[in-house]
$ cat protein.csv   # CSV, C-alpha atoms
chain,number,residue,atom,x,y,z
A,4,GLY,CA,0.0,0.0,0.0
A,5,LYS,CA,3.0,2.3,0.0
A,6,THR,CA,2.7,3.4,-3.6
A,7,THR,CA,-1.1,3.8,-3.4
A,8,LEU,CA,-0.6,5.9,-0.3
A,9,THR,CA,2.0,8.1,-2.1
A,10,GLU,CA,-0.4,8.5,-5.0
A,11,ARG,CA,-3.1,9.8,-2.6
A,12,ILE,CA,-0.6,12.2,-0.9
A,13,LEU,CA,0.4,13.6,-4.3
A,14,PHE,CA,-3.3,14.1,-5.3
A,15,TYR,CA,-4.3,15.8,-2.0
A,16,THR,CA,-1.2,18.1,-2.1
A,17,GLU,CA,-2.2,19.0,-5.8
A,18,LYS,CA,1.0,17.6,-7.2
A,19,ILE,CA,-1.0,15.3,-9.6
A,20,ARG,CA,-4.4,15.9,-11.1
A,21,SER,CA,-5.9,12.4,-11.0
A,22,MET,CA,-5.2,9.2,-9.1
A,23,HIS,CA,-4.4,5.9,-10.8
A,24,ASP,CA,-4.2,2.3,-9.7
A,25,VAL,CA,-0.9,0.6,-9.0
A,26,ARG,CA,-1.3,-2.3,-11.5
A,27,GLY,CA,-2.1,0.2,-14.2
A,28,LYS,CA,-5.4,-1.4,-15.1
A,29,ASP,CA,-6.5,1.9,-16.5
A,30,GLY,CA,-3.4,2.0,-18.8
A,31,VAL,CA,-1.8,4.7,-16.8
A,32,GLY,CA,-0.6,3.3,-13.5
A,33,ALA,CA,0.6,5.0,-10.3
A,34,LYS,CA,2.9,8.0,-10.7
A,35,MET,CA,5.7,6.6,-8.5
A,36,ASP,CA,5.9,3.3,-10.5
A,37,SER,CA,7.2,4.6,-13.7
A,38,MET,CA,8.9,1.5,-15.0
A,39,ASP,CA,6.9,-0.8,-17.3
A,40,LEU,CA,7.9,-3.8,-15.3
A,41,GLU,CA,6.6,-2.2,-12.1
A,42,ARG,CA,3.2,-1.5,-13.7
A,43,GLU,CA,2.9,-4.9,-15.2
A,44,ARG,CA,3.6,-6.7,-11.9
A,45,GLY,CA,2.0,-4.2,-9.6
A,46,ILE,CA,5.1,-3.9,-7.4
A,47,THR,CA,7.7,-1.2,-6.8
A,48,ILE,CA,11.3,-2.2,-7.9
A,49,ALA,CA,13.2,1.0,-7.7
A,50,SER,CA,12.6,3.8,-5.2
A,51,ALA,CA,11.3,7.0,-6.7
A,52,ALA,CA,11.7,10.5,-5.2
A,53,THR,CA,9.2,13.4,-5.3
A,54,HIS,CA,8.2,16.4,-3.2
A,55,CYS,CA,5.1,18.2,-2.3
A,56,VAL,CA,3.8,21.0,0.0
A,57,TRP,CA,1.3,20.5,2.8
A,58,ALA,CA,0.3,23.2,5.4
A,59,ASP,CA,3.2,25.4,4.1
A,60,HIS,CA,5.7,22.7,4.8
A,61,ARG,CA,7.8,21.3,2.0
A,62,ILE,CA,8.0,17.5,2.2
A,63,SER,CA,10.5,15.3,0.2
A,64,ILE,CA,9.1,11.8,-0.3
A,65,ILE,CA,10.9,8.6,-1.4
A,66,ASP,CA,8.5,5.7,-2.2
A,67,THR,CA,10.5,2.5,-1.5
A,68,PRO,CA,9.9,-1.1,-2.6
A,69,GLY,CA,8.6,-3.6,-0.1
A,70,HIS,CA,10.2,-6.8,-1.4
A,71,VAL,CA,13.3,-8.0,0.3
A,72,ASP,CA,15.1,-8.4,-3.1
A,73,PHE,CA,15.2,-4.6,-3.4
A,74,THR,CA,16.1,-3.9,0.3
A,75,ILE,CA,19.0,-1.7,-0.7
A,76,GLU,CA,16.5,0.8,-2.0
A,77,VAL,CA,15.0,1.1,1.5
A,78,GLU,CA,18.5,1.2,3.0
A,79,ARG,CA,19.6,4.1,0.9
A,80,SER,CA,16.4,6.1,1.5
A,81,LEU,CA,16.6,5.7,5.3
A,82,ARG,CA,20.2,6.8,5.2
A,83,VAL,CA,19.3,10.2,3.8
A,84,LEU,CA,15.7,10.9,5.1
A,85,ASP,CA,14.9,12.5,8.5
A,86,GLY,CA,11.7,10.6,9.1
A,87,ALA,CA,9.7,7.7,7.9
A,88,VAL,CA,6.2,6.3,7.6
A,89,LEU,CA,6.0,2.6,8.3
A,90,VAL,CA,3.0,1.3,6.4
A,91,LEU,CA,1.4,-1.9,7.8
A,92,CYS,CA,-1.6,-3.9,6.6
A,93,ALA,CA,-4.5,-4.1,9.1
A,94,VAL,CA,-5.1,-7.7,8.2
A,95,ALA,CA,-1.5,-9.2,7.9
A,96,GLY,CA,0.0,-6.8,10.5
A,97,VAL,CA,3.7,-7.2,11.3
A,98,GLN,CA,5.2,-9.3,8.5
A,99,SER,CA,8.8,-10.7,8.0
A,100,GLN,CA,9.8,-7.6,6.0
A,101,SER,CA,8.6,-5.4,8.8
A,102,TYR,CA,11.4,-6.8,11.0
A,103,THR,CA,14.0,-6.0,8.3
A,104,VAL,CA,12.7,-2.4,7.8
A,105,ASP,CA,12.6,-1.9,11.6
A,106,ARG,CA,16.3,-2.9,11.8
A,107,GLN,CA,17.2,-0.5,9.0
A,108,MET,CA,15.3,2.3,10.8
A,109,ARG,CA,17.1,1.6,14.0
A,110,ARG,CA,20.5,1.5,12.2
A,111,TYR,CA,20.0,5.1,11.1
A,112,SER,CA,18.0,6.3,14.1
A,113,VAL,CA,15.1,7.4,12.0
A,114,PRO,CA,12.0,8.7,13.8
A,115,ARG,CA,8.8,7.1,12.4
A,116,LEU,CA,5.0,7.1,12.3
A,117,ALA,CA,3.1,4.0,11.7
A,118,PHE,CA,0.1,4.0,9.3
A,119,ILE,CA,-2.1,0.9,9.6
A,120,ASN,CA,-3.6,0.7,6.1
A,121,LYS,CA,-6.3,-1.4,4.5
A,122,CYS,CA,-8.8,-1.0,7.4
A,123,ASP,CA,-11.6,-1.6,4.8
A,124,ARG,CA,-10.4,-5.2,4.2
A,125,THR,CA,-12.1,-8.4,5.6
A,126,GLY,CA,-10.3,-9.4,8.7
A,127,ALA,CA,-8.9,-5.9,9.5
A,128,ASN,CA,-7.9,-5.6,13.1
A,129,PRO,CA,-5.7,-2.4,13.7
A,130,LEU,CA,-5.6,-3.0,17.5
A,131,ARG,CA,-4.0,-6.4,17.0
A,132,VAL,CA,-1.4,-4.7,14.7
A,133,ARG,CA,-0.7,-2.1,17.5
A,134,ASP,CA,0.0,-5.0,19.9
A,135,GLN,CA,2.3,-6.7,17.4
A,136,LEU,CA,4.3,-3.5,17.0
A,137,ARG,CA,4.8,-3.6,20.8
A,138,GLU,CA,5.4,-7.4,21.2
A,139,ASP,CA,7.2,-8.3,18.0
A,140,LEU,CA,9.2,-5.2,17.2
A,141,GLY,CA,9.7,-3.9,20.8
A,142,LEU,CA,8.4,-0.4,19.9
A,143,ASN,CA,6.2,1.9,22.0
A,144,PRO,CA,3.1,2.4,19.8
A,145,VAL,CA,0.4,4.9,20.8
A,146,LEU,CA,-2.9,5.1,18.9
A,147,LEU,CA,-3.8,8.7,18.0
A,148,GLN,CA,-7.0,7.5,16.2
A,149,LEU,CA,-9.7,4.9,16.5
A,150,PRO,CA,-11.5,3.3,13.6
A,151,MET,CA,-15.2,4.1,13.0
A,152,GLY,CA,-16.3,0.7,11.9
A,153,LEU,CA,-14.1,-1.8,10.1
A,154,GLU,CA,-14.0,-4.0,7.0
A,155,ASP,CA,-16.9,-2.9,4.6
A,156,GLN,CA,-18.3,-0.7,7.5
A,157,PHE,CA,-15.2,1.4,7.7
A,158,GLU,CA,-16.4,5.1,7.6
A,159,GLY,CA,-13.5,7.1,8.9
A,160,VAL,CA,-11.5,7.7,12.1
A,161,ILE,CA,-11.9,9.3,15.5
A,162,ASP,CA,-9.1,11.7,16.2
A,163,LEU,CA,-8.2,11.2,19.9
A,164,ILE,CA,-6.4,14.6,20.2
A,165,LEU,CA,-9.1,16.7,18.8
A,166,MET,CA,-11.9,14.3,20.0
A,167,LYS,CA,-13.7,14.6,16.6
A,168,ALA,CA,-15.0,12.1,14.2
A,169,LEU,CA,-13.3,12.5,10.8
A,170,ARG,CA,-15.1,11.5,7.6
A,171,PHE,CA,-13.7,11.7,4.1
A,172,THR,CA,-16.3,12.8,1.5
A,173,GLY,CA,-16.3,14.0,-2.1
A,174,PRO,CA,-15.6,11.8,-5.2
A,175,HIS,CA,-12.0,11.1,-4.0
A,176,GLY,CA,-12.2,11.7,-0.3
A,177,GLU,CA,-10.7,15.1,-0.6
A,178,ARG,CA,-13.1,16.8,1.9
A,179,VAL,CA,-12.4,16.1,5.5
A,180,GLU,CA,-15.5,16.6,7.7
A,181,ALA,CA,-14.9,16.8,11.4
A,182,GLY,CA,-18.1,16.1,13.4
A,183,GLU,CA,-19.2,14.8,16.7
A,184,ILE,CA,-18.2,11.3,17.8
A,185,PRO,CA,-21.1,8.9,17.5
A,186,PRO,CA,-22.7,8.3,21.0
A,187,GLU,CA,-22.1,4.6,20.9
A,188,LEU,CA,-18.4,5.1,20.3
A,189,ARG,CA,-17.9,7.9,22.8
A,190,PRO,CA,-17.0,5.8,25.9
A,191,ARG,CA,-14.5,3.8,23.9
A,192,ALA,CA,-13.0,7.0,22.5
A,193,GLU,CA,-12.7,8.6,26.0
A,194,ALA,CA,-11.0,5.5,27.3
A,195,ALA,CA,-8.6,5.4,24.4
A,196,ARG,CA,-7.8,9.1,24.9
A,197,GLU,CA,-7.0,8.5,28.5
A,198,GLU,CA,-4.7,5.7,27.5
A,199,MET,CA,-3.0,7.9,24.9
A,200,LEU,CA,-2.5,10.8,27.3
A,201,ASP,CA,-1.1,8.5,29.9
A,202,ALA,CA,1.5,7.1,27.5
A,203,VAL,CA,2.5,10.5,26.1
A,204,SER,CA,2.7,12.2,29.5
A,205,MET,CA,5.6,9.8,30.4
A,206,PHE,CA,7.8,12.0,28.3
A,207,SER,CA,6.5,15.5,29.3
A,208,ASP,CA,6.2,16.9,32.9
A,209,GLU,CA,4.3,19.8,31.5
A,210,LEU,CA,1.6,17.5,30.1
A,211,THR,CA,1.5,15.5,33.3
A,212,GLU,CA,0.8,18.7,35.3
A,213,ALA,CA,-1.8,19.8,32.7
A,214,ILE,CA,-3.6,16.5,33.0
A,215,LEU,CA,-3.7,16.8,36.8
A,216,ASP,CA,-5.1,20.4,36.5
A,217,GLU,CA,-7.5,19.3,33.7
A,218,ARG,CA,-6.2,22.0,31.3
A,219,VAL,CA,-4.9,19.8,28.5
A,220,SER,CA,-4.5,21.7,25.2
A,221,VAL,CA,-4.1,20.3,21.7
A,222,ALA,CA,-0.8,22.2,21.3
A,223,LEU,CA,0.7,20.7,24.5
A,224,VAL,CA,-0.2,17.1,23.5
A,225,ARG,CA,1.3,17.6,20.0
A,226,GLN,CA,4.4,19.1,21.4
A,227,ALA,CA,4.9,16.2,23.8
A,228,ILE,CA,4.3,13.6,21.0
A,229,ARG,CA,6.7,15.4,18.7
A,230,ARG,CA,9.5,15.5,21.3
A,231,ALA,CA,9.1,11.8,22.2
A,232,THR,CA,8.9,10.8,18.5
A,233,VAL,CA,12.0,12.7,17.5
A,234,GLU,CA,13.8,11.1,20.5
A,235,LEU,CA,12.7,7.6,19.2
A,236,LYS,CA,10.8,6.9,22.4
A,237,LEU,CA,7.3,6.8,20.9
A,238,LEU,CA,5.6,5.5,17.7
A,239,PRO,CA,2.4,7.5,16.9
A,240,VAL,CA,-0.1,5.1,15.1
A,241,LEU,CA,-2.6,6.3,12.6
A,242,LEU,CA,-5.2,4.4,10.6
A,243,GLY,CA,-6.9,4.5,7.3
A,244,SER,CA,-7.4,3.0,3.9
A,245,ALA,CA,-5.3,4.6,1.1
A,246,TYR,CA,-7.2,2.7,-1.6
A,247,LYS,CA,-10.6,4.0,-0.3
A,248,ASN,CA,-9.2,7.5,0.2
A,249,LYS,CA,-9.6,7.5,4.0
A,250,GLY,CA,-7.2,8.8,6.6
A,251,VAL,CA,-4.5,10.2,4.3
A,252,GLN,CA,-4.9,13.9,5.1
A,253,PRO,CA,-4.6,13.3,8.9
A,254,LEU,CA,-1.4,11.3,8.2
A,255,LEU,CA,0.0,14.3,6.3
A,256,ASP,CA,-0.9,16.5,9.3
A,257,ALA,CA,0.9,14.0,11.5
A,258,VAL,CA,4.1,14.2,9.3
A,259,VAL,CA,4.1,18.0,9.8
A,260,HIS,CA,3.3,17.8,13.5
A,261,TYR,CA,5.5,14.9,14.7
A,262,LEU,CA,8.4,14.1,12.3
A,263,PRO,CA,11.5,16.2,12.6
A,264,ASP,CA,12.5,19.0,10.2
A,265,PRO,CA,16.2,18.9,9.0
A,266,ARG,CA,17.3,21.3,11.7
A,267,GLU,CA,16.2,18.8,14.5
A,268,VAL,CA,18.3,15.9,13.2
A,269,VAL,CA,21.9,15.4,14.2
A,270,ASN,CA,24.0,14.5,11.1
A,271,GLU,CA,27.7,14.0,11.3
A,272,ALA,CA,30.6,14.0,8.9
A,273,ILE,CA,34.2,12.8,9.3
A,274,ASP,CA,36.9,15.4,9.0
A,275,LEU,CA,39.5,13.7,6.7
A,276,ALA,CA,42.1,16.4,7.5
A,277,ASP,CA,41.8,15.9,11.3
A,278,GLU,CA,42.4,12.2,11.9
A,279,GLY,CA,38.7,11.2,11.3
A,280,ARG,CA,37.3,13.5,14.0
A,281,ARG,CA,33.5,13.7,13.8
A,282,VAL,CA,32.0,17.0,12.9
A,283,THR,CA,28.3,17.9,13.4
A,284,LEU,CA,26.6,19.3,10.3
A,285,HIS,CA,24.0,22.1,10.5
A,286,SER,CA,21.1,22.6,8.2
A,287,ASP,CA,22.2,26.1,7.3
A,288,ALA,CA,22.5,27.6,3.8
A,289,GLN,CA,25.3,29.9,4.9
A,290,LEU,CA,27.7,27.1,5.8
A,291,PRO,CA,30.1,25.3,3.4
A,292,LEU,CA,28.4,22.7,1.2
A,293,VAL,CA,28.1,19.0,2.2
A,294,ALA,CA,26.0,16.7,0.1
A,295,LEU,CA,25.8,12.9,-0.1
A,296,ALA,CA,25.2,10.9,-3.4
A,297,PHE,CA,22.9,8.1,-2.3
A,298,LYS,CA,21.5,6.7,-5.5
A,299,LEU,CA,22.7,6.4,-9.1
A,300,GLU,CA,20.6,5.8,-12.3
A,301,ASP,CA,21.9,5.1,-15.7
A,302,GLY,CA,19.4,7.0,-17.8
A,303,ARG,CA,19.2,8.0,-21.4
A,304,TYR,CA,21.1,11.3,-20.7
A,305,GLY,CA,23.9,9.5,-18.9
A,306,GLN,CA,24.4,9.0,-15.1
A,307,LEU,CA,21.8,10.7,-12.9
A,308,THR,CA,23.0,11.1,-9.3
A,309,TYR,CA,20.5,11.7,-6.5
A,310,LEU,CA,21.9,13.8,-3.7
A,311,ARG,CA,20.8,14.8,-0.3
A,312,VAL,CA,22.1,18.3,0.7
A,313,TYR,CA,22.9,18.4,4.4
A,314,GLN,CA,24.6,21.7,4.7
A,315,GLY,CA,25.2,24.8,2.5
A,316,VAL,CA,23.8,25.2,-1.0
A,317,LEU,CA,24.4,23.2,-4.2
A,318,GLU,CA,24.2,25.5,-7.3
A,319,ARG,CA,24.3,25.0,-11.0
A,320,ASP,CA,27.4,26.0,-12.9
A,321,THR,CA,29.5,25.8,-9.7
A,322,THR,CA,32.4,23.4,-8.9
A,323,VAL,CA,32.2,20.7,-6.2
A,324,ILE,CA,34.9,18.3,-4.9
A,325,ASN,CA,34.3,14.5,-4.5
A,326,ALA,CA,35.8,13.8,-1.1
A,327,ARG,CA,36.6,10.2,-2.1
A,328,THR,CA,38.6,10.9,-5.3
A,329,GLY,CA,39.6,14.5,-4.6
A,330,LYS,CA,38.4,15.4,-8.1
A,331,ARG,CA,36.9,18.8,-8.9
A,332,GLN,CA,33.7,18.5,-11.0
A,333,ARG,CA,31.4,21.2,-12.5
A,334,ILE,CA,27.7,20.8,-12.1
A,335,GLY,CA,26.0,21.4,-15.5
A,336,ARG,CA,22.4,20.4,-14.9
A,337,LEU,CA,20.6,20.3,-11.6
A,338,VAL,CA,17.1,18.9,-11.3
A,339,ARG,CA,14.4,18.1,-8.8
A,340,MET,CA,12.7,14.8,-9.4
A,341,HIS,CA,9.0,14.0,-9.5
A,342,ALA,CA,9.1,10.2,-10.1
A,343,ASP,CA,10.5,10.0,-13.7
A,344,GLU,CA,9.8,13.7,-14.5
A,345,MET,CA,12.5,16.4,-13.9
A,346,GLU,CA,12.2,20.0,-13.1
A,347,GLU,CA,15.3,22.1,-13.9
A,348,ILE,CA,16.5,24.1,-10.8
A,349,ASP,CA,19.3,26.5,-10.2
A,350,ARG,CA,20.0,25.6,-6.6
A,351,GLY,CA,19.2,23.0,-3.8
A,352,GLY,CA,19.3,24.1,-0.2
A,353,PRO,CA,19.9,22.1,3.1
A,354,GLY,CA,17.4,19.3,3.6
A,355,GLU,CA,16.5,19.0,-0.1
A,356,ILE,CA,16.8,16.0,-2.3
A,357,VAL,CA,18.1,16.9,-5.8
A,358,ALA,CA,19.7,15.2,-8.8
A,359,MET,CA,22.6,16.1,-11.1
A,360,PHE,CA,23.6,14.8,-14.5
A,361,GLY,CA,26.9,13.8,-16.0
A,362,ILE,CA,29.0,13.6,-12.8
A,363,ASP,CA,31.0,10.4,-12.5
A,364,CYS,CA,30.8,9.1,-8.9
A,365,ASN,CA,29.8,6.1,-6.8
A,366,SER,CA,26.9,5.6,-4.5
A,367,GLY,CA,27.9,6.9,-1.0
A,368,ASP,CA,30.3,9.6,-2.3
A,369,THR,CA,30.4,13.0,-0.4
A,370,PHE,CA,30.5,16.3,-2.3
A,371,THR,CA,31.8,19.4,-0.6
A,372,GLY,CA,32.5,23.0,-1.6
A,373,GLY,CA,36.2,22.5,-1.1
A,374,SER,CA,36.9,24.6,2.0
A,375,ARG,CA,37.0,21.5,4.3
A,376,GLN,CA,37.7,17.8,3.7
A,377,LEU,CA,34.5,16.2,5.0
A,378,ALA,CA,33.1,12.8,4.2
A,379,MET,CA,29.7,11.3,5.3
A,380,THR,CA,29.5,7.7,6.3
A,381,ALA,CA,28.1,5.5,3.5
A,382,MET,CA,25.1,3.3,4.0
A,383,HIS,CA,25.2,-0.3,5.3
A,384,VAL,CA,25.4,-2.8,2.4
A,385,PRO,CA,24.4,-6.3,3.5
A,386,ASP,CA,26.6,-9.3,2.5
A,387,PRO,CA,25.4,-11.2,-0.6
A,388,VAL,CA,23.7,-14.5,0.2
A,389,ILE,CA,23.9,-15.9,-3.4
A,390,SER,CA,26.9,-16.0,-5.7
A,391,LEU,CA,26.9,-16.9,-9.4
A,392,SER,CA,29.6,-17.4,-12.0
A,393,VAL,CA,28.7,-15.9,-15.3
A,394,LYS,CA,30.7,-16.7,-18.4
A,395,ALA,CA,30.8,-14.8,-21.7
A,396,THR,CA,30.7,-16.7,-25.0
A,397,ASP,CA,33.4,-14.6,-26.7
A,398,THR,CA,35.6,-11.5,-26.2
A,399,GLU,CA,33.1,-9.0,-27.6
A,400,ALA,CA,30.4,-10.4,-25.3
A,401,GLU,CA,32.9,-10.3,-22.4
A,402,ASN,CA,33.4,-6.6,-22.9
A,403,ARG,CA,29.7,-5.9,-23.0
A,404,LEU,CA,29.1,-8.1,-20.0
A,405,SER,CA,31.7,-6.5,-17.8
A,406,LYS,CA,30.4,-3.0,-18.8
A,407,ALA,CA,26.8,-4.1,-17.9
A,408,LEU,CA,28.0,-5.7,-14.6
A,409,ARG,CA,29.9,-2.5,-13.7
A,410,ARG,CA,26.8,-0.4,-14.4
A,411,PHE,CA,24.6,-2.7,-12.2
A,412,ALA,CA,27.1,-2.8,-9.4
A,413,LYS,CA,27.2,1.0,-9.4
A,414,GLU,CA,23.4,1.3,-9.3
A,415,ASP,CA,23.0,-1.5,-6.8
A,416,PRO,CA,25.9,-2.1,-4.4
A,417,THR,CA,24.4,-5.4,-3.2
$ encode --input "protein.csv" --output "structure tokens"
Amino acid sequence: GKTTLTERILFYTEKIRSMHDVRGKDGVGAKMDSMDLERERGITIASAATHCVWADHRISIIDTPGHVDFTIEVERSLRVLDGAVLVLCAVAGVQSQSYTVDRQMRRYSVPRLAFINKCDRTGANPLRVRDQLREDLGLNPVLLQLPMGLEDQFEGVIDLILMKALRFTGPHGERVEAGEIPPELRPRAEAAREEMLDAVSMFSDELTEAILDERVSVALVRQAIRRATVELKLLPVLLGSAYKNKGVQPLLDAVVHYLPDPREVVNEAIDLADEGRRVTLHSDAQLPLVALAFKLEDGRYGQLTYLRVYQGVLERDTTVINARTGKRQRIGRLVRMHADEMEEIDRGGPGEIVAMFGIDCNSGDTFTGGSRQLAMTAMHVPDPVISLSVKATDTEAENRLSKALRRFAKEDPT
């Protein structure tokens, strides 16, 4: 449900005009699955980057594959992103791949939200999934919503912070209507709110005092949840059904309220000139440039290199230095990606994900402005579990084969 969810996010943030199905039954297919093979099989193979604006906040999104075969795509995305949304199925719950992704998130200390999707399906039980998150993954999940009905009766969600019933109306669920909680669900909602406040107040003395004085405000609750989420002590859990257009807008609100912005995340680089001392980077456009190449694609215009800018500004027609090779390279074209579409830009600031053309480098290379010799740590590449011997039929084929293998190894370090 990750690509379906991303499709809804792009629609509600007005980045795309219409929504399409993942399998491409309508001949178009989801925006983030741009490869023919992805549309044919209904799965994501390569991660795709895009961006959108919600509530005056600019959000960079990478939609990753779910299959273990393409786990490096998740690895590289978590290496460069500041927050994540862990999408779970309300029927299947925590699956084997959830363990892998959880390990990857812990490796890079990524704060996350959980979105329990597919609440409209037969056998959906989000409360069981919440318990699995606690028991199987050892997380501290806290429900911020309750479902109004389940399976084919799934109408919407009850927001436990606002204490409102949210319904999603309009042809594509674009209107969010906040109303009174149905009387039959009120006692359950009040009990769930108490449980939520109790869990969150463990991380905020202010909130504990406010609960005792009975003056709990929405801002205070959100502030406490944000702090605990950024410190990796809490996992806010939201519910919905991306396919049925329910629960996506509150998830976007939660991304803005609870996931960190680039200034709140501690990123470090290694100072190559000072015996590998660690240096803290700051998300500030005035400081010298530090950017990490985290994904390479061999496209029709040559090598496309995806970069995350951590500090300073990356500008077109300027020279950057590759910390690994020491080579100076000039940036000719700089683009911002929207799946397979490109938007030409002149500069990319701290926190942004951009891409550049025609620069020869490897995945995990650091680019700097040249005033300091800094290098970021590369992502973790798991050891291979299968090895094969491939033999070419003749010399010409051998040259082509080694070229292709080099290209593959560059794109996919596994």
$ residues_around --input "protein.csv" --residues "Phe14 in chain A" --least-positions-apart "2" --cutoff "12 Å" --atoms "all atoms listed in the file" --output "ChimeraX atom specification"
/A:7-12,16-23,33-34,54-57,175-177,245,248,251-252
$ atom_distance --input "protein.csv" --atom1 "CA of Glu300 in chain A" --atom2 "CA of Ala326 in chain A"
20.5 Å
$ atom_distance --input "protein.csv" --atom1 "CA of Val88 in chain A" --atom2 "CA of Ile273 in chain A"
28.8 Å
$ closest_residue --input "protein.csv" --among "A:Val97, A:Leu408, A:Met205, A:Val113" --to "Arg82 in chain A" --atoms "only C-alpha atoms"
A:Val113
$ residues_around --input "protein.csv" --residues "Arg266 in chain A" --least-positions-apart "3" --cutoff "12 Å" --atoms "all atoms listed in the file" --output "list of chain:residue names"
A:Asp85, A:Val233, A:Leu262, A:Pro263, A:Val269, A:Asn270, A:Thr283, A:Leu284, A:His285, A:Ser286, A:Asp287, A:Ala288, A:Tyr313, A:Gln314, A:Pro353, A:Gly354
$ closest_residue --input "protein.csv" --among "A:Leu299, A:Ala294, A:Ile389, A:Met379" --to "Val312 in chain A" --atoms "all atoms listed in the file"
A:Ala294
$ closest_residue --input "protein.csv" --among "A:Leu165, A:Val31, A:Cys364, A:Ile228" --to "Asp201 in chain A" --atoms "all atoms listed in the file"
A:Ile228
$ atom_distance --input "protein.csv" --atom1 "CA of Arg61 in chain A" --atom2 "CA of Asp264 in chain A"
9.7 Å
$ residues_around --input "protein.csv" --residues "Thr369 in chain A" --least-positions-apart "6" --cutoff "10 Å" --atoms "all atoms listed in the file" --output "JSON, numbers by chain"
{"A": [272, 293, 294, 295, 296, 297, 310, 311, 312, 323, 324, 325, 326, 327, 328, 376, 377, 378, 379, 380, 381]}
$ residues_near_point --input "protein.csv" --point "(6.2, 2.0, -3.1)" --cutoff "9 Å" --atoms "all atoms listed in the file" --output "PyMOL selection string"
chain A and resi 4-9+35-36+46-51+65-69
$ residues_near_point --input "protein.csv" --point "(-2.3, 10.3, 18.9)" --cutoff "8 Å" --atoms "all atoms listed in the file" --output "list in words"
Val145, Leu146, Leu147, Gln148, Asp162, Leu163, Ile164, Met199, Ile228, Pro239, Val240 and Leu241 of chain A
$ closest_residue --input "protein.csv" --among "A:Arg375, A:Arg319, A:Arg189, A:Arg106" --to "Asp349 in chain A" --atoms "all atoms listed in the file"
A:Arg319
$ closest_residue --input "protein.csv" --among "A:Glu212, A:Val83, A:Val258, A:Ala93" --to "His60 in chain A" --atoms "only C-alpha atoms"
A:Val258
$ build_atoms --input "protein.csv" --residues "range 61-65 of chain A" --atoms "all heavy atoms" --output "PDB file, keeping the file's coordinate frame"
ATOM      1  N   ARG A  61       7.337  22.020   3.165  1.00  0.00           N
ATOM      2  CA  ARG A  61       7.800  21.300   2.000  1.00  0.00           C
ATOM      3  C   ARG A  61       8.251  19.903   2.423  1.00  0.00           C
ATOM      4  O   ARG A  61       9.061  19.765   3.334  1.00  0.00           O
ATOM      5  CB  ARG A  61       8.989  22.065   1.395  1.00  0.00           C
ATOM      6  CG  ARG A  61       9.388  21.586   0.057  1.00  0.00           C
ATOM      7  CD  ARG A  61      10.714  22.199  -0.330  1.00  0.00           C
ATOM      8  NE  ARG A  61      10.999  21.765  -1.669  1.00  0.00           N
ATOM      9  CZ  ARG A  61      10.592  22.425  -2.736  1.00  0.00           C
ATOM     10  NH1 ARG A  61       9.926  23.534  -2.616  1.00  0.00           N
ATOM     11  NH2 ARG A  61      10.862  21.967  -3.940  1.00  0.00           N
ATOM     12  N   ILE A  62       7.713  18.888   1.772  1.00  0.00           N
ATOM     13  CA  ILE A  62       8.000  17.500   2.200  1.00  0.00           C
ATOM     14  C   ILE A  62       8.661  16.769   0.994  1.00  0.00           C
ATOM     15  O   ILE A  62       8.128  16.761  -0.112  1.00  0.00           O
ATOM     16  CB  ILE A  62       6.707  16.760   2.583  1.00  0.00           C
ATOM     17  CG1 ILE A  62       5.996  17.500   3.719  1.00  0.00           C
ATOM     18  CG2 ILE A  62       7.011  15.329   3.012  1.00  0.00           C
ATOM     19  CD1 ILE A  62       4.600  16.983   4.019  1.00  0.00           C
ATOM     20  N   SER A  63       9.836  16.177   1.249  1.00  0.00           N
ATOM     21  CA  SER A  63      10.500  15.300   0.200  1.00  0.00           C
ATOM     22  C   SER A  63      10.022  13.889   0.533  1.00  0.00           C
ATOM     23  O   SER A  63      10.046  13.458   1.693  1.00  0.00           O
ATOM     24  CB  SER A  63      11.991  15.382   0.361  1.00  0.00           C
ATOM     25  OG  SER A  63      12.446  16.649  -0.030  1.00  0.00           O
ATOM     26  N   ILE A  64       9.617  13.178  -0.513  1.00  0.00           N
ATOM     27  CA  ILE A  64       9.100  11.800  -0.300  1.00  0.00           C
ATOM     28  C   ILE A  64       9.923  10.839  -1.162  1.00  0.00           C
ATOM     29  O   ILE A  64      10.199  11.112  -2.328  1.00  0.00           O
ATOM     30  CB  ILE A  64       7.631  11.688  -0.740  1.00  0.00           C
ATOM     31  CG1 ILE A  64       6.758  12.692   0.023  1.00  0.00           C
ATOM     32  CG2 ILE A  64       7.100  10.274  -0.524  1.00  0.00           C
ATOM     33  CD1 ILE A  64       5.344  12.785  -0.506  1.00  0.00           C
ATOM     34  N   ILE A  65      10.304   9.716  -0.572  1.00  0.00           N
ATOM     35  CA  ILE A  65      10.900   8.600  -1.400  1.00  0.00           C
ATOM     36  C   ILE A  65       9.947   7.406  -1.132  1.00  0.00           C
ATOM     37  O   ILE A  65       9.740   6.989   0.003  1.00  0.00           O
ATOM     38  CB  ILE A  65      12.314   8.277  -0.988  1.00  0.00           C
ATOM     39  CG1 ILE A  65      13.223   9.483  -1.274  1.00  0.00           C
ATOM     40  CG2 ILE A  65      12.798   7.076  -1.797  1.00  0.00           C
ATOM     41  CD1 ILE A  65      14.696   9.237  -1.026  1.00  0.00           C
TER      42      ILE A  65
END
